[in-house]
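Enquirer: Structure file upload33.tsv (TSV, C-alpha atoms and all ligand atoms) right here:
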chain	number	residue	atom	x	y	z
A	1	MET	CA	-10.46	6.55	11.53
A	2	GLY	CA	-9.92	2.84	12.04
A	3	ASN	CA	-6.79	0.99	12.97
A	4	ILE	CA	-3.96	2.97	11.42
A	5	ASN	CA	-2.54	-0.16	9.87
A	6	GLN	CA	-5.61	-1.23	8.01
A	7	PRO	CA	-5.58	-0.40	4.32
A	8	THR	CA	-8.35	1.87	3.16
A	9	ILE	CA	-10.66	-0.81	1.84
A	10	THR	CA	-14.37	-0.12	1.68
A	11	SER	CA	-16.87	-2.51	3.18
A	12	SER	CA	-17.43	-3.93	-0.29
A	13	GLY	CA	-13.73	-4.76	-0.52
A	14	ILE	CA	-12.84	-2.22	-3.19
A	15	LEU	CA	-9.25	-1.06	-3.11
A	16	ARG	CA	-8.25	2.44	-4.14
A	17	PRO	CA	-6.47	2.61	-7.50
A	18	THR	CA	-3.68	4.38	-5.63
A	19	TYR	CA	-1.82	1.96	-3.38
A	20	VAL	CA	1.54	0.99	-1.95
A	21	GLU	CA	2.92	-2.41	-2.84
A	22	VAL	CA	5.30	-3.97	-0.32
A	23	ASN	CA	7.45	-6.91	-1.31
A	24	LEU	CA	7.94	-8.82	1.93
A	25	ASP	CA	10.45	-11.21	0.39
A	26	GLN	CA	12.68	-8.25	-0.46
A	27	LEU	CA	12.51	-7.12	3.16
A	28	THR	CA	13.56	-10.64	4.18
A	29	ALA	CA	16.49	-10.50	1.77
A	30	ASN	CA	17.52	-7.13	3.22
A	31	LEU	CA	17.32	-8.51	6.76
A	32	ARG	CA	19.46	-11.50	5.76
A	33	ALA	CA	22.07	-9.23	4.17
A	34	ILE	CA	22.24	-7.13	7.34
A	35	GLN	CA	22.41	-10.23	9.56
A	36	ALA	CA	25.27	-11.60	7.48
A	37	GLN	CA	27.14	-8.32	7.80
A	38	VAL	CA	26.80	-7.87	11.57
A	39	ALA	CA	26.87	-11.46	12.89
A	40	PRO	CA	27.27	-12.51	15.65
A	41	ALA	CA	25.53	-9.29	16.68
A	42	LYS	CA	21.73	-9.48	16.66
A	43	VAL	CA	19.43	-7.24	14.65
A	44	MET	CA	16.70	-5.11	16.14
A	45	VAL	CA	14.14	-4.40	13.42
A	46	ILE	CA	13.00	-0.78	13.64
A	47	LEU	CA	9.29	-0.40	12.91
A	48	LYS	CA	8.50	3.17	13.94
A	49	ALA	CA	6.35	5.48	11.82
A	50	ASN	CA	4.23	2.69	10.36
A	51	ALA	CA	7.38	0.65	9.59
A	52	TYR	CA	8.81	3.54	7.57
A	53	GLY	CA	5.52	3.68	5.67
A	54	HIS	CA	5.48	-0.06	4.89
A	55	GLY	CA	2.75	-0.94	7.41
A	56	LEU	CA	3.50	-1.54	11.10
A	57	VAL	CA	1.66	-4.76	11.89
A	58	ALA	CA	2.13	-6.59	8.59
A	59	VAL	CA	5.85	-5.89	8.48
A	60	ALA	CA	6.26	-6.77	12.16
A	61	GLN	CA	4.43	-10.09	11.74
A	62	HIS	CA	6.54	-10.92	8.73
A	63	MET	CA	9.81	-9.96	10.41
A	64	VAL	CA	9.03	-12.07	13.47
A	65	ARG	CA	8.17	-15.01	11.21
A	66	VAL	CA	11.54	-14.77	9.45
A	67	GLY	CA	13.46	-14.51	12.69
A	68	ALA	CA	13.86	-10.91	13.82
A	69	ASP	CA	15.58	-10.93	17.23
A	70	TYR	CA	14.03	-7.78	18.65
A	71	LEU	CA	11.58	-5.12	17.50
A	72	GLY	CA	11.98	-1.39	18.04
A	73	VAL	CA	9.31	1.33	17.89
A	74	ALA	CA	9.31	5.00	18.83
A	75	PHE	CA	6.18	5.23	20.95
A	76	LEU	CA	4.20	3.30	23.54
A	77	GLU	CA	1.16	3.32	21.24
A	78	GLU	CA	3.05	1.59	18.45
A	79	GLY	CA	4.15	-1.10	20.88
A	80	ILE	CA	0.57	-1.61	22.10
A	81	LEU	CA	-0.67	-1.99	18.50
A	82	LEU	CA	1.88	-4.75	17.98
A	83	ARG	CA	0.88	-6.53	21.17
A	84	GLU	CA	-2.80	-6.23	20.23
A	85	ALA	CA	-1.91	-7.85	16.91
A	86	GLY	CA	-0.64	-10.84	18.86
A	87	ILE	CA	3.08	-10.22	18.54
A	88	THR	CA	4.99	-11.67	21.48
A	89	ALA	CA	8.57	-10.86	20.41
A	90	PRO	CA	10.49	-8.42	22.61
A	91	ILE	CA	9.73	-4.79	21.75
A	92	LEU	CA	11.86	-1.83	22.83
A	93	VAL	CA	10.20	1.59	22.84
A	94	LEU	CA	12.99	3.96	21.87
A	95	GLY	CA	11.38	7.27	22.73
A	96	GLY	CA	11.17	9.21	25.94
A	97	ILE	CA	8.52	8.13	28.42
A	98	LEU	CA	6.17	9.95	30.73
A	99	GLY	CA	5.73	8.68	34.29
A	100	ASN	CA	2.02	8.03	33.86
A	101	GLN	CA	2.67	5.76	30.87
A	102	VAL	CA	4.73	3.24	32.82
A	103	PRO	CA	1.82	1.00	33.91
A	104	GLN	CA	0.81	0.65	30.23
A	105	PHE	CA	4.35	-0.40	29.32
A	106	LEU	CA	4.28	-3.05	32.02
A	107	ALA	CA	0.79	-4.27	31.16
A	108	HIS	CA	1.90	-4.86	27.57
A	109	ASP	CA	5.32	-6.28	28.38
A	110	LEU	CA	7.12	-3.52	26.45
A	111	THR	CA	10.77	-2.80	27.12
A	112	LEU	CA	11.29	0.72	28.45
A	113	THR	CA	14.03	3.19	27.72
A	114	ALA	CA	15.35	4.57	31.02
A	115	SER	CA	16.99	7.84	30.10
A	116	SER	CA	17.58	9.43	33.51
A	117	VAL	CA	17.73	8.52	37.19
A	118	GLU	CA	14.34	10.13	37.70
A	119	LYS	CA	12.74	8.08	34.92
A	120	LEU	CA	14.35	4.94	36.32
A	121	GLN	CA	12.84	5.68	39.74
A	122	GLN	CA	9.41	6.24	38.17
A	123	ILE	CA	9.70	2.91	36.38
A	124	ASP	CA	10.85	1.10	39.54
A	125	ALA	CA	8.03	2.61	41.59
A	126	ALA	CA	5.37	1.69	39.03
A	127	ALA	CA	6.80	-1.81	38.74
A	128	ARG	CA	6.71	-2.21	42.52
A	129	SER	CA	3.09	-1.09	42.77
A	130	THR	CA	1.84	-3.18	39.86
A	131	GLY	CA	3.80	-6.25	40.91
A	132	ARG	CA	5.31	-6.73	37.44
A	133	ASP	CA	9.02	-6.27	36.92
A	134	ALA	CA	10.02	-3.80	34.22
A	135	ARG	CA	12.42	-4.72	31.46
A	136	ILE	CA	14.59	-1.70	30.68
A	137	HIS	CA	17.40	-0.45	28.46
A	138	LEU	CA	19.50	2.43	29.75
A	139	LYS	CA	19.94	5.30	27.28
A	140	ILE	CA	23.24	7.15	27.08
A	141	ASP	CA	23.55	10.43	25.19
A	142	THR	CA	26.97	10.45	23.53
A	143	GLY	CA	26.40	13.45	21.30
A	144	MET	CA	22.86	13.63	19.97
A	145	GLU	CA	21.37	15.80	22.74
A	146	ARG	CA	17.95	14.24	22.33
A	147	ILE	CA	17.20	11.81	25.16
A	148	GLY	CA	19.53	9.95	27.46
A	149	VAL	CA	21.84	10.68	30.31
A	150	HIS	CA	25.02	12.47	29.21
A	151	TYR	CA	28.01	10.18	28.80
A	152	TYR	CA	30.01	12.40	31.19
A	153	SER	CA	27.48	11.92	33.98
A	154	ALA	CA	26.17	8.42	33.33
A	155	SER	CA	27.53	6.65	36.42
A	156	PRO	CA	24.67	7.62	38.77
A	157	LEU	CA	22.17	6.07	36.33
A	158	LEU	CA	24.22	2.91	35.97
A	159	GLU	CA	24.62	2.71	39.76
A	160	ALA	CA	20.93	3.26	40.34
A	161	ALA	CA	20.14	0.57	37.78
A	162	LEU	CA	22.26	-1.92	39.73
A	163	ARG	CA	20.22	-1.16	42.84
A	164	CYS	CA	16.86	-1.17	41.07
A	165	GLU	CA	14.70	-3.90	42.64
A	166	HIS	CA	11.85	-4.19	40.19
A	167	CYS	CA	13.72	-3.61	36.95
A	168	GLN	CA	15.54	-6.11	34.84
A	169	VAL	CA	18.32	-4.10	33.19
A	170	GLU	CA	18.46	-5.94	29.90
A	171	GLY	CA	20.25	-3.40	27.72
A	172	ILE	CA	22.24	-0.20	27.41
A	173	TYR	CA	22.38	1.91	24.28
A	174	SER	CA	23.28	5.12	22.54
A	175	HIS	CA	22.47	6.73	19.21
A	176	PHE	CA	24.62	8.21	16.44
A	177	ALA	CA	23.99	11.70	15.10
A	178	ASN	CA	26.18	11.45	11.99
A	179	SER	CA	26.86	7.82	11.19
A	180	ASP	CA	25.74	8.23	7.56
A	181	ALA	CA	28.36	10.90	6.81
A	182	ALA	CA	31.46	10.14	4.75
A	183	ASP	CA	33.54	11.70	7.53
A	184	SER	CA	33.37	9.36	10.53
A	185	THR	CA	35.11	11.67	13.00
A	186	TYR	CA	32.03	12.51	15.04
A	187	ALA	CA	30.67	8.95	14.94
A	188	ARG	CA	34.00	7.67	16.25
A	189	LEU	CA	33.97	10.26	19.01
A	190	GLN	CA	30.49	9.11	20.04
A	191	LEU	CA	31.60	5.48	19.93
A	192	ALA	CA	34.60	6.25	22.18
A	193	ARG	CA	32.30	8.01	24.65
A	194	PHE	CA	29.96	5.00	24.76
A	195	ASN	CA	32.89	2.65	25.35
A	196	GLN	CA	34.03	4.90	28.16
A	197	VAL	CA	30.60	4.59	29.80
A	198	LEU	CA	30.69	0.80	29.40
A	199	ASP	CA	33.99	0.66	31.34
A	200	PHE	CA	31.76	1.07	34.40
A	201	TYR	CA	30.90	-2.64	34.20
A	202	GLN	CA	34.42	-3.84	33.54
A	203	GLN	CA	35.74	-1.85	36.50
A	204	ARG	CA	33.26	-3.64	38.74
A	205	GLY	CA	33.81	-7.04	37.16
A	206	LEU	CA	30.21	-7.14	36.02
A	207	PRO	CA	28.97	-8.35	32.66
A	208	PRO	CA	27.42	-5.43	30.79
A	209	PRO	CA	23.79	-5.64	29.74
A	210	MET	CA	23.10	-6.03	26.01
A	211	ARG	CA	24.90	-3.16	24.28
A	212	HIS	CA	23.64	-1.53	21.08
A	213	MET	CA	24.40	1.62	19.17
A	214	ALA	CA	24.53	1.14	15.40
A	215	ASN	CA	21.78	2.49	13.15
A	216	SER	CA	21.85	2.01	9.35
A	217	GLY	CA	24.74	4.41	8.76
A	218	ALA	CA	26.89	2.65	11.35
A	219	ILE	CA	25.92	-0.81	10.06
A	220	LEU	CA	27.35	0.30	6.72
A	221	GLN	CA	30.40	2.18	7.92
A	222	LEU	CA	31.38	1.37	11.49
A	223	PRO	CA	31.70	-2.35	12.35
A	224	GLU	CA	33.35	-1.41	15.67
A	225	SER	CA	29.94	-0.21	16.80
A	226	TYR	CA	28.01	-3.47	16.33
A	227	PHE	CA	28.36	-4.62	19.98
A	228	ASP	CA	25.66	-7.18	20.87
A	229	MET	CA	22.94	-5.85	18.57
A	230	VAL	CA	22.37	-3.29	15.82
A	231	ARG	CA	19.21	-1.29	15.16
A	232	ALA	CA	18.32	-1.47	11.49
A	233	GLY	CA	15.84	1.05	10.13
A	234	ILE	CA	15.98	2.47	6.64
A	235	LEU	CA	18.52	-0.10	5.43
A	236	LEU	CA	16.08	-2.90	6.15
A	237	TYR	CA	13.66	-1.19	3.80
A	238	GLY	CA	16.32	-1.18	1.10
A	239	ILE	CA	17.26	2.49	1.18
A	240	TYR	CA	20.69	3.90	2.01
A	241	PRO	CA	20.62	6.54	4.76
A	242	SER	CA	22.34	9.15	2.61
A	243	GLY	CA	24.03	9.64	-0.71
A	244	GLU	CA	27.48	9.67	0.85
A	245	THR	CA	27.21	6.50	2.96
A	246	ALA	CA	29.36	3.58	1.80
A	247	ARG	CA	27.15	0.85	0.33
A	248	THR	CA	28.82	-2.10	2.04
A	249	VAL	CA	25.59	-4.09	2.39
A	250	ALA	CA	23.58	-4.80	-0.77
A	251	VAL	CA	19.89	-4.06	-0.24
A	252	ARG	CA	17.02	-3.14	-2.52
A	253	PRO	CA	13.82	-1.19	-1.96
A	254	GLY	CA	10.78	-3.24	-1.05
A	255	LEU	CA	8.14	-0.59	-1.65
A	256	ALA	CA	6.45	0.77	-4.75
A	257	TRP	CA	3.75	3.46	-4.91
A	258	LYS	CA	1.36	3.06	-7.79
A	259	SER	CA	-1.78	4.56	-9.21
A	260	GLN	CA	-3.76	4.62	-12.44
A	261	VAL	CA	-4.66	7.13	-15.11
A	262	VAL	CA	-8.14	8.33	-14.23
A	263	TYR	CA	-8.62	11.01	-16.91
A	264	PHE	CA	-7.17	11.90	-20.30
A	265	LYS	CA	-7.50	15.14	-22.24
A	266	VAL	CA	-5.83	17.39	-24.79
A	267	VAL	CA	-4.81	20.78	-23.44
A	268	GLN	CA	-4.55	23.82	-25.71
A	269	PRO	CA	-1.56	26.17	-25.58
A	270	GLY	CA	-2.07	29.05	-23.17
A	271	HIS	CA	-4.48	27.06	-20.97
A	272	PRO	CA	-2.78	26.67	-17.60
A	273	VAL	CA	-2.99	23.50	-15.53
A	274	SER	CA	-4.03	23.28	-11.85
A	275	TYR	CA	-4.22	25.72	-8.92
A	276	GLY	CA	-2.28	28.93	-9.26
A	277	SER	CA	-1.89	28.42	-13.02
A	278	THR	CA	1.82	27.74	-12.59
A	279	TRP	CA	2.29	25.68	-15.77
A	280	GLN	CA	1.09	25.98	-19.35
A	281	SER	CA	2.10	24.51	-22.67
A	282	ASP	CA	3.19	26.40	-25.76
A	283	ARG	CA	1.66	23.71	-27.95
A	284	MET	CA	-1.20	21.24	-27.92
A	285	THR	CA	-0.38	18.46	-25.50
A	286	ARG	CA	-1.91	15.42	-23.85
A	287	VAL	CA	-2.40	15.57	-20.13
A	288	VAL	CA	-3.50	12.77	-17.81
A	289	THR	CA	-4.85	13.06	-14.29
A	290	ILE	CA	-3.76	10.71	-11.49
A	291	PRO	CA	-5.88	10.19	-8.34
A	292	ALA	CA	-3.13	10.87	-5.78
A	293	GLY	CA	-2.06	14.09	-4.10
A	294	TYR	CA	-0.54	15.75	-1.08
A	295	GLY	CA	-3.45	14.39	0.96
A	296	ASP	CA	-1.84	10.99	0.43
A	297	GLY	CA	1.63	12.24	1.23
A	298	TYR	CA	2.78	13.04	-2.29
A	299	PHE	CA	4.46	16.30	-1.35
A	300	ARG	CA	3.06	19.53	-2.83
A	301	SER	CA	6.68	20.60	-3.25
A	302	LEU	CA	6.87	17.99	-6.04
A	303	SER	CA	4.74	20.34	-8.18
A	304	ASN	CA	6.43	21.01	-11.53
A	305	LYS	CA	9.45	18.95	-10.36
A	306	ALA	CA	8.70	15.25	-10.10
A	307	GLU	CA	8.36	12.64	-12.79
A	308	VAL	CA	6.17	9.53	-12.92
A	309	LEU	CA	6.35	6.37	-15.04
A	310	ILE	CA	3.64	5.24	-17.42
A	311	ARG	CA	4.23	2.28	-19.75
A	312	GLY	CA	7.92	2.35	-18.84
A	313	ARG	CA	8.41	6.00	-19.82
A	314	ARG	CA	9.11	9.06	-17.69
A	315	TYR	CA	6.74	12.03	-17.75
A	316	PRO	CA	6.71	15.27	-15.75
A	317	VAL	CA	4.22	16.24	-13.08
A	318	ILE	CA	2.88	19.60	-14.27
A	319	GLY	CA	1.19	22.36	-12.30
A	320	ARG	CA	0.50	22.18	-8.61
A	321	VAL	CA	-0.04	18.83	-6.94
A	322	CYS	CA	-3.58	18.99	-5.52
A	323	MET	CA	-4.83	17.32	-2.35
A	324	ASP	CA	-6.20	14.28	-4.17
A	325	GLN	CA	-5.05	14.56	-7.77
A	326	LEU	CA	-2.09	15.48	-9.90
A	327	MET	CA	-1.57	16.08	-13.61
A	328	VAL	CA	1.08	14.65	-15.89
A	329	ASN	CA	2.16	15.85	-19.34
A	330	ILE	CA	2.59	12.96	-21.76
A	331	GLY	CA	3.42	15.19	-24.73
A	332	TRP	CA	2.08	13.54	-27.84
A	333	GLU	CA	2.49	10.02	-26.53
A	334	THR	CA	-0.19	7.52	-25.58
A	335	ALA	CA	-1.82	6.62	-22.30
A	336	TYR	CA	-5.28	5.31	-21.52
A	337	ASN	CA	-7.60	5.47	-18.58
A	338	GLY	CA	-6.65	2.62	-16.27
A	339	ASP	CA	-2.97	2.56	-17.27
A	340	GLU	CA	-0.64	1.94	-14.35
A	341	VAL	CA	1.23	4.99	-13.09
A	342	VAL	CA	4.33	4.50	-10.95
A	343	LEU	CA	4.95	7.34	-8.51
A	344	LEU	CA	7.78	5.48	-6.75
A	345	GLY	CA	9.32	2.28	-8.06
A	346	GLN	CA	9.97	0.60	-11.35
A	347	SER	CA	8.24	0.38	-14.72
A	348	GLY	CA	10.01	-1.34	-17.60
A	349	ASP	CA	13.62	-0.19	-17.54
A	350	GLU	CA	12.84	3.06	-15.75
A	351	GLN	CA	12.79	3.70	-12.03
A	352	ILE	CA	11.67	6.52	-9.75
A	353	THR	CA	13.80	6.10	-6.64
A	354	CYS	CA	13.05	7.27	-3.17
A	355	GLU	CA	16.19	9.40	-3.41
A	356	ALA	CA	14.92	11.08	-6.59
A	357	LEU	CA	11.57	11.92	-5.00
A	358	ALA	CA	13.38	13.21	-1.93
A	359	ASN	CA	15.65	15.42	-4.05
A	360	TRP	CA	12.74	16.84	-6.02
A	361	ALA	CA	10.83	17.54	-2.81
A	362	GLY	CA	13.85	18.97	-0.98
A	363	THR	CA	13.83	16.34	1.74
A	364	ILE	CA	15.33	12.94	2.63
A	365	PRO	CA	14.15	9.41	1.72
A	366	TYR	CA	13.06	8.81	5.33
A	367	GLU	CA	10.47	11.56	5.04
A	368	VAL	CA	9.25	10.42	1.62
A	369	LEU	CA	8.51	6.95	3.03
A	370	THR	CA	7.02	7.97	6.35
A	371	ASN	CA	4.89	10.65	4.71
A	372	ILE	CA	2.89	8.18	2.59
A	373	ASN	CA	-0.15	8.28	4.76
A	374	THR	CA	-2.66	5.72	5.87
A	375	ARG	CA	-5.26	6.77	3.27
A	376	VAL	CA	-3.10	4.82	0.83
A	377	PRO	CA	-3.78	1.07	1.13
A	378	ARG	CA	-0.80	-1.27	1.53
A	379	VAL	CA	-0.77	-4.43	-0.53
A	380	TYR	CA	1.69	-7.21	0.37
A	381	LEU	CA	3.52	-9.49	-2.00
A	382	GLY	CA	5.45	-12.57	-0.94
A	383	GLY	CA	5.90	-13.60	2.66
A	384	ALA	CA	4.62	-16.82	4.18
A	385	GLY	CA	1.72	-18.61	2.59
A	386	THR	CA	2.15	-17.20	-0.89
A	387	ALA	CA	3.97	-18.59	-3.87
A	401	LIG	C1	15.13	5.50	13.97
A	401	LIG	C2	16.14	4.95	14.88
A	401	LIG	C3	17.01	3.96	14.43
A	401	LIG	C4	17.07	3.48	12.98
A	401	LIG	O1	17.68	4.48	12.20
A	401	LIG	P1	18.03	4.21	10.66
A	401	LIG	O2	18.88	5.34	10.26
A	401	LIG	O3	16.70	4.23	9.94
A	401	LIG	O4	18.68	2.90	10.60
A	401	LIG	C5	17.89	3.39	15.35
A	401	LIG	N1	17.90	3.81	16.63
A	401	LIG	C6	17.09	4.78	17.09
A	401	LIG	C7	17.17	5.19	18.52
A	401	LIG	C8	16.19	5.39	16.23
A	401	LIG	O5	15.42	6.37	16.69
Could you show the structure in this file as structure tokens?
Ligand SMILES: *Cc1c(COP(=O)(O)O)cnc(C)c1O
Expert:
Amino acid sequence: MGNINQPTITSSGILRPTYVEVNLDQLTANLRAIQAQVAPAKVMVILKANAYGHGLVAVAQHMVRVGADYLGVAFLEEGILLREAGITAPILVLGGILGNQVPQFLAHDLTLTASSVEKLQQIDAAARSTGRDARIHLKIDTGMERIGVHYYSASPLLEAALRCEHCQVEGIYSHFANSDAADSTYARLQLARFNQVLDFYQQRGLPPPMRHMANSGAILQLPESYFDMVRAGILLYGIYPSGETARTVAVRPGLAWKSQVVYFKVVQPGHPVSYGSTWQSDRMTRVVTIPAGYGDGYFRSLSNKAEVLIRGRRYPVIGRVCMDQLMVNIGWETAYNGDEVVLLGQSGDEQITCEALANWAGTIPYEVLTNINTRVPRVYLGGAGTA
């Protein structure tokens, strides 16, 4: 396997007929809409999980070009890939860290999340021995129980951070568990707990480090949580975090997943289609085969549930989705080898949304996007240098 961000293009430059198309200009428009909503707060652009399936390096380079203030990834390795691609913007690694990773963070100038006194001491010690100061953000757990020091026992971490000699404490943050829910009770409780922790600085007459808490749900529903910066993930990619979240910022999806008809046939009644023989027709019908499957991240649970678009019309996926192929019933309508097939996105007046795919598959839009794997090449439209 090569660089995880490289599209699957053969040495002769041939692209697979199944690909993801990313409209960079739409991502810019989404960023601008978020910036307008949260200003003067800054926006951290969240790029974890291959930029929610959109392609880590390409999206990062574009976002930096159009003025992203800060980048956020989940893992050290994602941060290193960005540095190796020449990106010099500040990058916060949001996930938990292991002591032996700290020198790598420092070598690549990645901002660390310090989520306990012990982790802070490991960071300080590694920074002392490598002679490079660490840039850190303190992580407060206000009700997620994932990583971070509990809000009710945060003071020792904040104290230790003040005494830390080889760390620059640049930020302090927390994370919402339920900010996309219609009922904001729990989000408001978490926000109150974070504010309580921040009183530490006021009581000492100290300016707090950069404070951030809001993810997409809170950007949409909880302006009180914007602080100095927000962390925009799914909203930047034009998807609302849940069906019940208020849509106070207008964004549109920037990703489409397309393929082509690779085979056409007429299927007789009583002749089942695909593994397990789970679907058959009671009349003669036309069936086309598409070269995409669960091995690309098109969930097997979409079998006999999803629809695709061909020539602006909706058709059902029939039988089991295979690893590399799936079949579609076009009834007695027309399709030819080479016709475009839209798995996710728009064709004519019809659209397959990320939410629809998620509902059919029994999951959430986040998983639909991040599941489109790296076997599927990413093709970029718009952005700098193109008309
Ligand atoms: C993923 C993540 C985000 C972004 O979440 P969205 O719901 O996609 O906006 C923000 N902060 C942290 C810590 C995250 O892990």
Enquirer: Draw an axis-aligned box tight on the listed atoms of segment 278-284 of chain A, then pad every side by 5 Å and write out centre and edge lengths in Å to one decimal as AutoDock Vina command-line options.
Expert:
--center_x 1.0 --center_y 24.5 --center_z -20.3 --size_x 14.4 --size_y 16.5 --size_z 25.4
Enquirer: May I have the protein, DNA and RNA residues with any atom at most 8 Å from the point (6.6, -9.1, 35.4), counting only C-alpha atoms, written as a compact mmCIF listing (two decimals) with C-alpha atoms, in the frame of the given file?
Expert:
# COMPACT_ATOMS: atom_id res chain seq x y z
CA LEU A 106 4.28 -3.05 32.02
CA ASP A 109 5.32 -6.28 28.38
CA GLY A 131 3.80 -6.25 40.91
CA ARG A 132 5.31 -6.73 37.44
CA ASP A 133 9.02 -6.27 36.92
CA ALA A 134 10.02 -3.80 34.22
Enquirer: Check every protein, DNA and RNA residue against ligand LIG 401 (chain A), keep those with an atom at most 6 Å away (counting only C-alpha atoms and all ligand atoms), and present them as a list in words.
Expert: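 Listing the residues within 6 Å of ligand LIG 401 (chain A) gives Ile46, Leu94, His175, Asn215, Ser216, Arg231, Ala232, Gly233, Ile234, Leu235 and Pro241 of chain A.
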Enquirer: Output C-alpha atoms of each residue in that selection to a file, as an mmCIF file, in the frame of the given file.
Expert:
data_model
loop_
_atom_site.group_PDB
_atom_site.id
_atom_site.type_symbol
_atom_site.label_atom_id
_atom_site.label_comp_id
_atom_site.auth_asym_id
_atom_site.auth_seq_id
_atom_site.Cartn_x
_atom_site.Cartn_y
_atom_site.Cartn_z
ATOM 1 C CA ILE A 46 13.000 -0.780 13.640
ATOM 2 C CA LEU A 94 12.990 3.960 21.870
ATOM 3 C CA HIS A 175 22.470 6.730 19.210
ATOM 4 C CA ASN A 215 21.780 2.490 13.150
ATOM 5 C CA SER A 216 21.850 2.010 9.350
ATOM 6 C CA ARG A 231 19.210 -1.290 15.160
ATOM 7 C CA ALA A 232 18.320 -1.470 11.490
ATOM 8 C CA GLY A 233 15.840 1.050 10.130
ATOM 9 C CA ILE A 234 15.980 2.470 6.640
ATOM 10 C CA LEU A 235 18.520 -0.100 5.430
ATOM 11 C CA PRO A 241 20.620 6.540 4.760
#
Enquirer: Take atom CA of Leu344 of chain A and atom CA of Gly382 of chain A and report the distance between them in Å, one decimal.
Expert: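 Going from atom CA of Leu344 of chain A over to atom CA of Gly382 of chain A, I get 19.1 Å.
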Enquirer: Would you list the residues near (23.0, -9.0, 24.8) (no more than 8 Å away, in the coordinates of the file, using all atoms listed in the file) as JSON, numbers by chain?
Expert: {"A": [170, 171, 209, 210, 211, 228, 229]}
Enquirer: What's around Asp25 of chain A at 9 Å? Count all atoms listed in the file, leave out sequence neighbours fewer than 3 positions away in its own chain, and write the answer as a PyMOL selection string.
Expert: chain A and resi 22+28-30+254+381-384
Enquirer: What's the 6 Å shell around segment 257-265 of chain A, counting only C-alpha atoms, without same-chain residues fewer than 5 positions away, as a VMD selection string?
Expert: chain A and resid 17 to 20 286 to 290 337 to 344
Enquirer: I'd like the contact shell of Gly345 of chain A - 7 Å cut-off, only C-alpha atoms, skipping same-chain residues fewer than 4 positions apart - returned as number ranges by chain.
Expert: A: 256-257, 351-353
Enquirer: Give me the residues near Gly243 of chain A as a list of chain:residue names, where near means some atom within 10 Å (using only C-alpha atoms) and where sequence neighbours in that chain fewer than 4 positions away do not count.
Expert: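 Within the cut-off, the hits are A:Asp180, A:Ala181, A:Ala182, A:Arg247, A:Glu355, A:Ile364.
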Enquirer: Mind pulling up the distance from atom CA of Met323 of chain A to atom CA of Val273 of chain A?
Expert: 14.7 Å
Enquirer: Could you name the residues that touch Gly67 of chain A at 10 Å or less, counting all atoms listed in the file, but leaving out those on the same chain fewer than 4 positions away, as a list in words?
Expert: Thr28, Leu31, Arg32, Val43, His62, Met63 and Ala89 of chain A
Enquirer: Output C-alpha atoms of each residue in that selection to a file, as an mmCIF file, in the coordinates of the input.
Expert:
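See result.cif below for the written result:
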data_model
loop_
_atom_site.group_PDB
_atom_site.id
_atom_site.type_symbol
_atom_site.label_atom_id
_atom_site.label_comp_id
_atom_site.auth_asym_id
_atom_site.auth_seq_id
_atom_site.Cartn_x
_atom_site.Cartn_y
_atom_site.Cartn_z
ATOM 1 C CA THR A 28 13.560 -10.640 4.180
ATOM 2 C CA LEU A 31 17.320 -8.510 6.760
ATOM 3 C CA ARG A 32 19.460 -11.500 5.760
ATOM 4 C CA VAL A 43 19.430 -7.240 14.650
ATOM 5 C CA HIS A 62 6.540 -10.920 8.730
ATOM 6 C CA MET A 63 9.810 -9.960 10.410
ATOM 7 C CA ALA A 89 8.570 -10.860 20.410
#
